[in-house]
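To be precise, the following lines are input.tsv, and they hold TSV, C-alpha atoms (C1' of nucleotides).
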```tsv
chain	number	residue	atom	x	y	z
A	299	MET	CA	86.24	77.94	90.63
A	300	THR	CA	88.19	77.30	93.82
A	301	LYS	CA	85.34	76.87	96.25
A	302	GLN	CA	86.31	75.43	99.59
A	303	ALA	CA	84.45	72.28	100.46
A	304	GLY	CA	82.19	72.59	103.45
A	305	THR	CA	81.99	76.36	103.30
A	306	GLU	CA	78.60	78.04	103.17
A	307	ASN	CA	79.63	80.88	100.94
A	308	THR	CA	76.93	83.53	101.11
A	309	GLY	CA	79.19	86.43	100.16
A	310	PRO	CA	79.86	87.98	96.78
A	311	GLU	CA	81.21	85.62	94.13
A	312	THR	CA	84.53	86.11	92.45
A	313	THR	CA	83.19	85.42	88.99
A	314	VAL	CA	81.82	88.17	86.82
A	315	SER	CA	78.19	88.97	87.29
A	316	GLU	CA	75.71	88.11	84.61
A	317	SER	CA	73.86	91.33	85.25
A	318	THR	CA	76.75	93.35	83.91
A	319	VAL	CA	78.34	91.00	81.44
A	320	SER	CA	75.71	88.58	80.29
A	321	GLU	CA	76.51	85.37	78.50
A	322	THR	CA	75.18	86.86	75.31
A	323	THR	CA	77.62	89.78	75.49
A	324	GLU	CA	80.10	89.75	72.66
A	325	PRO	CA	83.05	87.66	73.91
A	326	ALA	CA	85.69	90.32	73.23
A	327	ILE	CA	83.78	92.92	75.22
A	328	ARG	CA	83.13	90.42	77.97
A	329	LEU	CA	86.80	89.50	78.23
A	330	THR	CA	87.89	93.12	78.40
A	331	ALA	CA	85.43	93.83	81.21
A	332	GLU	CA	86.51	90.73	83.10
A	333	ALA	CA	90.18	91.67	82.80
A	334	TRP	CA	89.55	95.17	84.09
A	335	GLU	CA	87.39	93.92	86.91
A	336	SER	CA	90.07	91.47	87.91
A	337	LEU	CA	92.81	94.10	87.73
A	338	PHE	CA	90.74	96.37	89.92
A	339	ARG	CA	90.02	93.71	92.55
A	340	ALA	CA	93.66	92.68	92.68
A	341	GLN	CA	94.57	96.29	93.30
A	342	VAL	CA	91.99	96.52	96.08
A	343	ALA	CA	93.22	93.32	97.70
A	344	VAL	CA	96.82	94.48	97.74
A	345	MET	CA	95.89	97.99	98.82
A	346	ARG	CA	93.91	96.73	101.79
A	347	ARG	CA	97.02	94.99	103.02
A	348	LEU	CA	99.34	97.88	102.36
A	349	ARG	CA	97.12	100.39	104.09
A	350	ASN	CA	97.18	98.43	107.33
A	351	ASP	CA	100.93	98.10	107.36
A	352	PRO	CA	102.57	99.94	110.27
A	353	SER	CA	104.74	101.84	107.76
A	354	PHE	CA	101.66	103.90	106.89
A	355	LYS	CA	101.07	105.01	110.44
A	356	LYS	CA	102.99	108.21	109.89
A	357	LEU	CA	101.44	109.23	106.61
A	358	ALA	CA	98.26	108.33	104.76
A	359	ILE	CA	98.79	106.33	101.61
A	360	GLY	CA	97.61	109.19	99.40
A	361	GLU	CA	100.07	111.57	100.98
A	362	TYR	CA	102.84	109.07	100.57
A	363	ASP	CA	101.93	108.82	96.91
A	364	VAL	CA	102.50	112.54	96.49
A	365	LEU	CA	105.94	112.29	98.04
A	366	PHE	CA	106.67	109.27	95.89
A	367	ASN	CA	105.69	111.08	92.71
A	368	LEU	CA	107.93	113.95	93.67
A	369	THR	CA	110.94	111.64	93.85
A	370	ARG	CA	110.49	110.93	90.17
A	371	CYS	CA	110.94	114.47	88.92
A	372	PRO	CA	114.34	114.84	87.26
A	373	THR	CA	114.77	118.42	88.44
A	374	GLY	CA	113.18	117.71	91.81
A	375	TRP	CA	110.52	120.34	91.13
A	376	THR	CA	107.14	119.85	89.46
A	377	ARG	CA	104.17	121.95	88.62
A	378	LEU	CA	101.13	121.24	90.75
A	379	ASN	CA	98.95	120.46	87.74
A	380	GLU	CA	101.58	118.10	86.36
A	381	LEU	CA	101.62	116.24	89.65
A	382	ASN	CA	97.86	116.04	89.62
A	383	ARG	CA	97.87	114.08	86.36
A	384	ASN	CA	99.21	111.00	88.12
A	385	LEU	CA	96.76	111.04	91.00
A	386	LEU	CA	93.14	110.18	91.49
A	387	ILE	CA	92.35	113.10	93.76
A	388	SER	CA	90.88	116.35	92.51
A	389	GLN	CA	92.78	119.57	91.96
A	390	PRO	CA	91.40	121.27	95.08
A	391	SER	CA	92.24	118.24	97.17
A	392	LEU	CA	95.79	118.16	95.91
A	393	SER	CA	96.09	121.87	96.53
A	394	ARG	CA	95.18	121.40	100.16
A	395	MET	CA	97.12	118.21	100.57
A	396	VAL	CA	100.28	119.97	99.43
A	397	GLU	CA	99.44	122.76	101.85
A	398	ARG	CA	99.32	120.23	104.68
A	399	LEU	CA	102.49	118.50	103.56
A	400	GLU	CA	104.20	121.88	103.50
A	401	ALA	CA	102.97	122.60	107.02
A	402	LYS	CA	104.49	119.29	108.10
A	403	GLY	CA	107.76	120.30	106.51
A	404	LEU	CA	107.74	117.48	103.97
A	405	VAL	CA	107.46	119.54	100.77
A	406	GLN	CA	108.30	123.08	99.73
A	407	ARG	CA	106.59	125.41	97.28
A	408	LYS	CA	107.72	128.26	95.06
A	409	GLN	CA	106.26	130.34	92.28
A	410	ALA	CA	106.79	128.97	88.79
A	411	PRO	CA	109.40	131.08	87.02
A	412	ASP	CA	107.70	131.07	83.62
A	413	ASP	CA	104.05	131.27	84.68
A	414	GLN	CA	102.89	133.68	87.36
A	415	ARG	CA	99.83	131.54	88.05
A	416	GLY	CA	101.83	128.38	88.57
A	417	VAL	CA	103.20	126.76	91.69
A	418	MET	CA	106.13	124.40	91.81
A	419	VAL	CA	106.58	121.75	94.49
A	420	ALA	CA	109.55	119.74	95.65
A	421	LEU	CA	110.46	117.47	98.53
A	422	THR	CA	112.34	118.86	101.48
A	423	ASP	CA	115.18	116.81	102.92
A	424	THR	CA	112.84	115.63	105.66
A	425	GLY	CA	110.25	114.69	103.06
A	426	ARG	CA	112.75	112.77	100.99
A	427	GLU	CA	113.90	110.93	104.05
A	428	LEU	CA	110.39	109.98	105.12
A	429	GLN	CA	109.55	108.84	101.61
A	430	ARG	CA	112.58	106.58	101.59
A	431	GLU	CA	111.71	105.13	104.94
A	432	ILE	CA	108.11	104.38	104.05
A	433	GLY	CA	109.02	103.32	100.53
A	434	ALA	CA	111.49	100.76	101.78
A	435	ALA	CA	108.91	99.19	104.09
A	436	HIS	CA	106.36	99.38	101.31
A	437	VAL	CA	108.62	97.43	98.95
A	438	ARG	CA	109.24	94.77	101.57
A	439	VAL	CA	105.52	94.27	102.15
A	440	ILE	CA	104.84	94.00	98.44
A	441	HIS	CA	107.57	91.47	97.98
A	442	THR	CA	106.38	89.38	100.90
A	443	LEU	CA	102.87	89.52	99.55
A	444	LEU	CA	103.43	89.00	95.81
A	445	GLY	CA	106.63	87.00	95.90
A	446	PRO	CA	104.94	83.70	96.74
A	447	ILE	CA	102.20	84.30	94.17
A	448	LEU	CA	103.98	85.22	90.95
A	449	GLN	CA	107.23	84.02	89.41
A	450	THR	CA	109.79	86.26	87.80
A	451	GLY	CA	108.50	85.71	84.29
A	452	GLU	CA	104.95	86.39	85.38
A	453	LEU	CA	105.93	89.58	87.15
A	454	LYS	CA	107.58	90.72	83.94
A	455	GLN	CA	104.45	89.92	81.97
A	456	LEU	CA	102.30	91.82	84.43
A	457	LEU	CA	104.67	94.77	84.37
A	458	GLU	CA	104.65	94.88	80.61
A	459	LEU	CA	100.88	94.57	80.24
A	460	THR	CA	100.07	97.21	82.84
A	461	GLN	CA	102.70	99.57	81.47
A	462	ARG	CA	101.05	99.40	78.09
A	463	ILE	CA	97.66	100.08	79.64
A	464	ARG	CA	98.97	103.11	81.41
A	465	GLU	CA	100.71	104.49	78.37
A	466	GLY	CA	97.81	103.72	76.08
A	467	VAL	CA	95.23	105.33	78.32
A	468	ASP	CA	97.36	108.39	78.96
A	469	ASP	CA	98.02	108.82	75.25
A	470	ALA	CA	94.31	108.64	74.51
A	471	GLU	CA	93.86	111.28	77.20
A	472	HIS	CA	96.11	113.79	75.45
A	473	ALA	CA	94.98	112.95	71.95
A	474	ASP	CA	92.70	115.58	70.41
A	475	TYR	CA	89.96	113.94	68.44
B	231	MET	CA	111.93	104.58	77.66
B	232	THR	CA	109.46	106.21	75.30
B	233	LYS	CA	110.38	109.84	75.63
B	234	GLN	CA	108.92	112.10	72.98
B	235	ALA	CA	111.53	114.04	71.04
B	236	GLY	CA	111.35	117.76	71.52
B	237	THR	CA	109.34	117.56	74.72
B	238	GLU	CA	110.59	119.33	77.83
B	239	ASN	CA	109.43	116.75	80.31
B	240	THR	CA	109.51	118.30	83.74
B	241	GLY	CA	106.84	116.06	85.25
B	242	PRO	CA	107.22	112.80	87.12
B	243	GLU	CA	108.93	110.02	85.21
B	244	THR	CA	107.28	106.74	84.44
B	245	THR	CA	110.27	104.67	85.46
B	246	VAL	CA	110.69	103.48	88.99
B	247	SER	CA	112.39	105.89	91.34
B	248	GLU	CA	115.84	105.13	92.61
B	249	SER	CA	114.95	106.50	95.96
B	250	THR	CA	112.59	103.61	96.59
B	251	VAL	CA	114.09	100.82	94.54
B	252	SER	CA	117.76	101.52	94.12
B	253	GLU	CA	119.90	99.83	91.52
B	254	THR	CA	121.52	97.82	94.26
B	255	THR	CA	118.20	96.41	95.44
B	256	GLU	CA	117.93	92.71	94.96
B	257	PRO	CA	116.54	92.21	91.44
B	258	ALA	CA	113.64	90.00	92.52
B	259	ILE	CA	112.46	92.55	95.07
B	260	ARG	CA	112.91	95.34	92.60
B	261	LEU	CA	110.88	93.57	89.95
B	262	THR	CA	108.05	92.85	92.35
B	263	ALA	CA	107.89	96.48	93.40
B	264	GLU	CA	107.95	97.66	89.80
B	265	ALA	CA	105.16	95.30	88.84
B	266	TRP	CA	102.97	96.47	91.70
B	267	GLU	CA	103.71	100.10	90.98
B	268	SER	CA	102.81	99.59	87.35
B	269	LEU	CA	99.61	97.74	88.21
B	270	PHE	CA	98.63	100.55	90.54
B	271	ARG	CA	99.31	103.29	87.97
B	272	ALA	CA	97.39	101.44	85.29
B	273	GLN	CA	94.46	101.22	87.66
B	274	VAL	CA	94.69	104.95	88.37
B	275	ALA	CA	94.87	105.80	84.68
B	276	VAL	CA	91.79	103.74	83.85
B	277	MET	CA	89.91	104.93	86.92
B	278	ARG	CA	90.48	108.57	86.06
B	279	ARG	CA	88.77	107.98	82.76
B	280	LEU	CA	85.94	105.95	84.18
B	281	ARG	CA	85.16	108.45	86.88
B	282	ASN	CA	84.62	111.21	84.35
B	283	ASP	CA	82.29	109.16	82.21
B	284	PRO	CA	78.74	110.52	82.12
B	285	SER	CA	77.48	107.12	83.30
B	286	PHE	CA	78.80	107.99	86.77
B	287	LYS	CA	76.81	111.20	87.00
B	288	LYS	CA	74.01	109.46	88.85
B	289	LEU	CA	76.11	107.55	91.35
B	290	ALA	CA	79.64	107.85	92.68
B	291	ILE	CA	81.94	105.08	91.62
B	292	GLY	CA	82.23	103.74	95.16
B	293	GLU	CA	78.48	103.52	95.50
B	294	TYR	CA	78.25	101.76	92.17
B	295	ASP	CA	80.79	99.28	93.42
B	296	VAL	CA	78.55	98.39	96.34
B	297	LEU	CA	75.62	97.75	94.02
B	298	PHE	CA	77.88	95.75	91.73
B	299	ASN	CA	79.10	93.57	94.59
B	300	LEU	CA	75.52	92.93	95.60
B	301	THR	CA	74.71	91.54	92.15
B	302	ARG	CA	77.24	88.80	92.79
B	303	CYS	CA	75.59	87.31	95.83
B	304	PRO	CA	73.96	84.01	94.93
B	305	THR	CA	71.07	84.53	97.33
B	306	GLY	CA	70.85	88.24	96.62
B	307	TRP	CA	71.48	89.00	100.29
B	308	THR	CA	74.82	89.55	102.01
B	309	ARG	CA	76.04	90.38	105.43
B	310	LEU	CA	77.41	93.88	105.77
B	311	ASN	CA	80.78	92.67	107.02
B	312	GLU	CA	81.02	90.21	104.16
B	313	LEU	CA	80.42	93.01	101.69
B	314	ASN	CA	83.05	95.09	103.41
B	315	ARG	CA	85.73	92.52	102.66
B	316	ASN	CA	85.73	93.39	98.97
B	317	LEU	CA	85.90	97.14	99.42
B	318	LEU	CA	88.57	99.62	100.35
B	319	ILE	CA	86.33	101.75	102.54
B	320	SER	CA	86.11	101.33	106.29
B	321	GLN	CA	83.32	99.63	108.16
B	322	PRO	CA	81.74	102.87	109.41
B	323	SER	CA	81.86	104.32	105.91
B	324	LEU	CA	80.14	101.30	104.44
B	325	SER	CA	77.58	101.43	107.21
B	326	ARG	CA	76.66	104.97	106.29
B	327	MET	CA	76.95	104.42	102.56
B	328	VAL	CA	74.41	101.61	102.77
B	329	GLU	CA	72.23	103.91	104.84
B	330	ARG	CA	72.31	106.48	102.02
B	331	LEU	CA	71.74	103.87	99.33
B	332	GLU	CA	68.75	102.67	101.30
B	333	ALA	CA	67.43	106.23	101.53
B	334	LYS	CA	67.74	106.46	97.75
B	335	GLY	CA	65.78	103.25	97.43
B	336	LEU	CA	68.60	101.32	95.80
B	337	VAL	CA	69.21	98.74	98.51
B	338	GLN	CA	67.20	97.19	101.31
B	339	ARG	CA	68.22	95.99	104.73
B	340	LYS	CA	66.98	93.36	107.12
B	341	GLN	CA	68.15	91.75	110.31
B	342	ALA	CA	70.28	88.66	109.89
B	343	PRO	CA	68.24	85.59	110.83
B	344	ASP	CA	71.03	83.73	112.58
B	345	ASP	CA	72.79	86.62	114.28
B	346	GLN	CA	70.94	89.35	116.10
B	347	ARG	CA	73.82	91.75	115.65
B	348	GLY	CA	74.02	91.27	111.92
B	349	VAL	CA	72.48	93.19	109.05
B	350	MET	CA	71.79	91.80	105.63
B	351	VAL	CA	71.66	93.90	102.49
B	352	ALA	CA	70.23	93.32	99.04
B	353	LEU	CA	69.48	95.33	95.94
B	354	THR	CA	65.99	96.64	95.35
B	355	ASP	CA	64.54	96.35	91.86
B	356	THR	CA	65.40	100.00	91.28
B	357	GLY	CA	68.93	99.36	92.50
B	358	ARG	CA	69.35	96.37	90.25
B	359	GLU	CA	68.11	98.36	87.30
B	360	LEU	CA	70.46	101.25	87.96
B	361	GLN	CA	73.39	98.89	88.41
B	362	ARG	CA	72.63	97.32	85.04
B	363	GLU	CA	72.37	100.67	83.36
B	364	ILE	CA	75.63	102.00	84.75
B	365	GLY	CA	77.35	98.65	84.39
B	366	ALA	CA	76.52	98.45	80.71
B	367	ALA	CA	77.98	101.91	80.05
B	368	HIS	CA	80.94	101.03	82.22
B	369	VAL	CA	81.68	97.95	80.14
B	370	ARG	CA	81.47	99.94	76.93
B	371	VAL	CA	83.94	102.54	78.19
B	372	ILE	CA	86.37	99.87	79.31
B	373	HIS	CA	86.20	98.12	76.00
B	374	THR	CA	86.72	101.34	74.06
B	375	LEU	CA	89.65	102.17	76.28
B	376	LEU	CA	91.40	98.82	76.58
B	377	GLY	CA	90.34	97.21	73.32
B	378	PRO	CA	92.91	99.06	71.20
B	379	ILE	CA	95.67	98.44	73.74
B	380	LEU	CA	95.57	94.73	74.48
B	381	GLN	CA	94.86	91.73	72.29
B	382	THR	CA	92.68	88.81	73.31
B	383	GLY	CA	95.58	86.68	74.46
B	384	GLU	CA	97.03	89.52	76.47
B	385	LEU	CA	93.71	90.21	78.15
B	386	LYS	CA	93.57	86.57	79.14
B	387	GLN	CA	97.08	86.75	80.55
B	388	LEU	CA	96.21	89.84	82.52
B	389	LEU	CA	93.03	88.28	83.80
B	390	GLU	CA	94.84	85.17	84.92
B	391	LEU	CA	97.69	87.01	86.63
B	392	THR	CA	95.46	89.44	88.51
B	393	GLN	CA	93.09	86.68	89.55
B	394	ARG	CA	95.96	84.82	91.11
B	395	ILE	CA	97.04	87.94	92.94
B	396	ARG	CA	93.60	88.47	94.33
B	397	GLU	CA	93.18	84.91	95.44
B	398	GLY	CA	96.68	84.70	96.84
B	399	VAL	CA	96.38	87.88	98.84
B	400	ASP	CA	92.94	87.03	100.14
B	401	ASP	CA	94.09	83.56	101.17
B	402	ALA	CA	97.02	85.06	103.05
B	403	GLU	CA	94.51	87.35	104.74
B	404	HIS	CA	92.47	84.51	106.16
B	405	ALA	CA	95.43	82.33	106.97
B	406	ASP	CA	96.22	82.12	110.67
B	407	TYR	CA	99.94	82.22	111.22
C	15	DT	C1'	96.35	147.29	71.52
C	16	DT	C1'	92.02	145.45	73.70
C	17	DA	C1'	88.45	142.12	74.47
C	18	DT	C1'	87.61	137.24	74.84
C	19	DT	C1'	88.57	132.88	76.27
C	20	DA	C1'	91.32	129.49	78.68
C	21	DT	C1'	94.17	127.86	82.43
C	22	DA	C1'	96.50	127.52	87.35
C	23	DG	C1'	95.53	127.27	91.67
C	24	DA	C1'	92.84	128.77	96.03
C	25	DT	C1'	88.62	128.80	98.78
C	26	DG	C1'	83.58	128.35	100.69
C	27	DC	C1'	80.69	124.86	101.62
C	28	DA	C1'	78.09	120.63	101.85
C	29	DG	C1'	78.80	116.14	102.35
C	30	DA	C1'	81.81	111.79	102.93
C	31	DT	C1'	85.64	109.53	105.38
C	32	DG	C1'	88.20	107.29	109.03
C	33	DC	C1'	89.24	106.72	113.92
C	34	DA	C1'	87.80	105.88	118.32
C	35	DT	C1'	84.23	104.44	120.78
C	36	DC	C1'	79.70	102.70	122.04
C	37	DT	C1'	75.96	99.28	122.37
C	38	DA	C1'	74.15	94.91	121.56
C	39	DC	C1'	74.81	90.40	120.80
C	40	DT	C1'	77.62	86.02	120.57
C	41	DT	C1'	81.21	82.82	121.84
C	42	DG	C1'	84.02	80.25	124.76
C	43	DA	C1'	86.10	79.14	129.08
C	44	DA	C1'	85.64	78.37	134.04
D	197	DT	C1'	75.21	78.76	134.16
D	198	DT	C1'	78.11	82.92	134.54
D	199	DC	C1'	81.39	85.96	133.11
D	200	DA	C1'	85.23	87.58	130.15
D	201	DA	C1'	86.48	88.24	125.58
D	202	DG	C1'	85.26	88.82	120.84
D	203	DT	C1'	82.44	90.52	116.94
D	204	DA	C1'	78.71	93.32	114.17
D	205	DG	C1'	77.31	97.42	113.25
D	206	DA	C1'	76.11	102.41	114.64
D	207	DT	C1'	77.58	107.04	116.00
D	208	DG	C1'	80.33	111.47	117.60
D	209	DC	C1'	83.79	114.06	115.89
D	210	DA	C1'	87.66	115.94	113.49
D	211	DT	C1'	89.33	115.90	109.06
D	212	DC	C1'	89.38	115.29	104.16
D	213	DT	C1'	86.96	115.32	99.76
D	214	DG	C1'	84.78	117.08	95.60
D	215	DC	C1'	81.99	120.62	93.36
D	216	DA	C1'	81.26	125.15	92.22
D	217	DT	C1'	83.27	129.25	92.08
D	218	DC	C1'	86.68	132.92	92.50
D	219	DT	C1'	91.00	135.47	91.41
D	220	DA	C1'	94.97	136.11	88.78
D	221	DT	C1'	97.55	135.30	84.90
D	222	DA	C1'	98.19	133.72	80.01
D	223	DA	C1'	96.95	132.90	75.28
D	224	DT	C1'	94.22	134.08	71.34
D	225	DA	C1'	91.42	136.95	68.32
D	226	DA	C1'	89.71	141.14	66.61
```

How does this structure look as structure tokens?
Amino acid sequence: MTKQAGTENTGPETTVSESTVSETTEPAIRLTAEAWESLFRAQVAVMRRLRNDPSFKKLAIGEYDVLFNLTRCPTGWTRLNELNRNLLISQPSLSRMVERLEAKGLVQRKQAPDDQRGVMVALTDTGRELQREIGAAHVRVIHTLLGPILQTGELKQLLELTQRIREGVDDAEHADY
Amino acid sequence: MTKQAGTENTGPETTVSESTVSETTEPAIRLTAEAWESLFRAQVAVMRRLRNDPSFKKLAIGEYDVLFNLTRCPTGWTRLNELNRNLLISQPSLSRMVERLEAKGLVQRKQAPDDQRGVMVALTDTGRELQREIGAAHVRVIHTLLGPILQTGELKQLLELTQRIREGVDDAEHADY
DNA sequence: TTATTATAGATGCAGATGCATCTACTTGAA
DNA sequence: TTCAAGTAGATGCATCTGCATCTATAATAA
């Protein structure tokens, strides 16, 4: 349980609480909850570090994420609602965030050709450049942080497991049942 | 690459962008970035589902997380700054969130005995009850969601890998270098 | 066609967030 | 001691967020 000797630990424990997952909980359910909890905390731990990195001085992490998602569109352009599927923020928030990013000259908008209601977004050259700059720093931080913790094989395992989670959850999302 | 036949995919791809991690990037660095990216997206995918669950009607997910963290304190009480270490929100935000939770009767505050500046927080009985209620639903959703995706052994792998990340990152945080 | 229902995105508004700063207290050095 | 520097938490303020709702367009049914 990795408790440092001589430390008066009064803070929250890193083991799963009995009030949520009691010892009488069915083991399979308990394990699933513990795995999720651990995944979530790992994400928080890494994110806390990332957020404070000087590379995110220019742009909030959520805004960077929008630019990043835009780099992944084969045509360069995406529908606003499509973009929203990969983010945690709400539709109105994305709408206004894109507005701000446009004002900063980082993205551009145009009407969707096939749907008069729709809006398409793409990076501008400036936006693409900024994304690359921040992304490069981002990658360096991650490598410095995670490199000493996980070996190549373990990184591959983690990648594979989390990819399946993402795909599985997204599929369930679109499934009509 | 799991692309559905007959689908005009115009949205963001699920493979890592070349603009951030180019094919010439050192493989180890590339893999680390891909693993983090995948972990992050998996977290987003699960979180999107969780957030919409009716069990979070009563309390925002961030507020639930505070209650949850409080259940893990051996003594029941924690220092505000200690609590803040496990969360993504800023110190002023936590300060006000606790204020609101106190107003709702879910947590209680008292002055720290050993430090006149400090504030200690603990759940009230009502708070503990609500945490249990939401937590139980939470666990059910997670199990329904992740159960069909990962097997027992895989969940254990995931748990182990993410635990190491959390510990490793937190240790690096406290290290003085 | 026309009426109904659904969807894309924008907007008003109340409330939450982070940053900078402030006060109060503590620590450590002279 | 005394005083400078550091830390805990609160607060003013500008900004961002989500919810509910609105408009405009699209899809579906009658």

Problem - Distance of CA of Pro378 in chain B from CA of Glu324 in chain A, expressed in Å to one decimal place - result: 15.9 Å

Handout entry: Polymer residues at most 12 Å from DT25 in chain C, only C-alpha atoms (C1' of nucleotides), same-chain spacing of 2 or more positions, as a PyMOL selection string
Key = (chain A and resi 390-391+393-394) or (chain C and resi 23+27) or (chain D and resi 215-219)

Problem - Counting all atoms listed in the file, chain D residues within 12 Å of chain B, as a VMD selection string - result: chain D and resid 203 to 208 214

Exercise for the section: Residues of chain C near chain B: apply a cut-off of 9 Å, count all atoms listed in the file, and supply the list as a ChimeraX atom specification. Expected result: /C:30-32,38-40

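For the point (91.2, 137.3, 71.1), the residues with an atom at a distance of at most 10 Å are DT16, DA17, DT18 and DT19 of chain C; DA223, DT224, DA225 and DA226 of chain D, counting only C-alpha atoms (C1' of nucleotides).
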
Handout entry: Interatomic distance, CA of Ala402 in chain B to CA of Phe270 in chain B (Å, one decimal)
Key = 20.0 Å
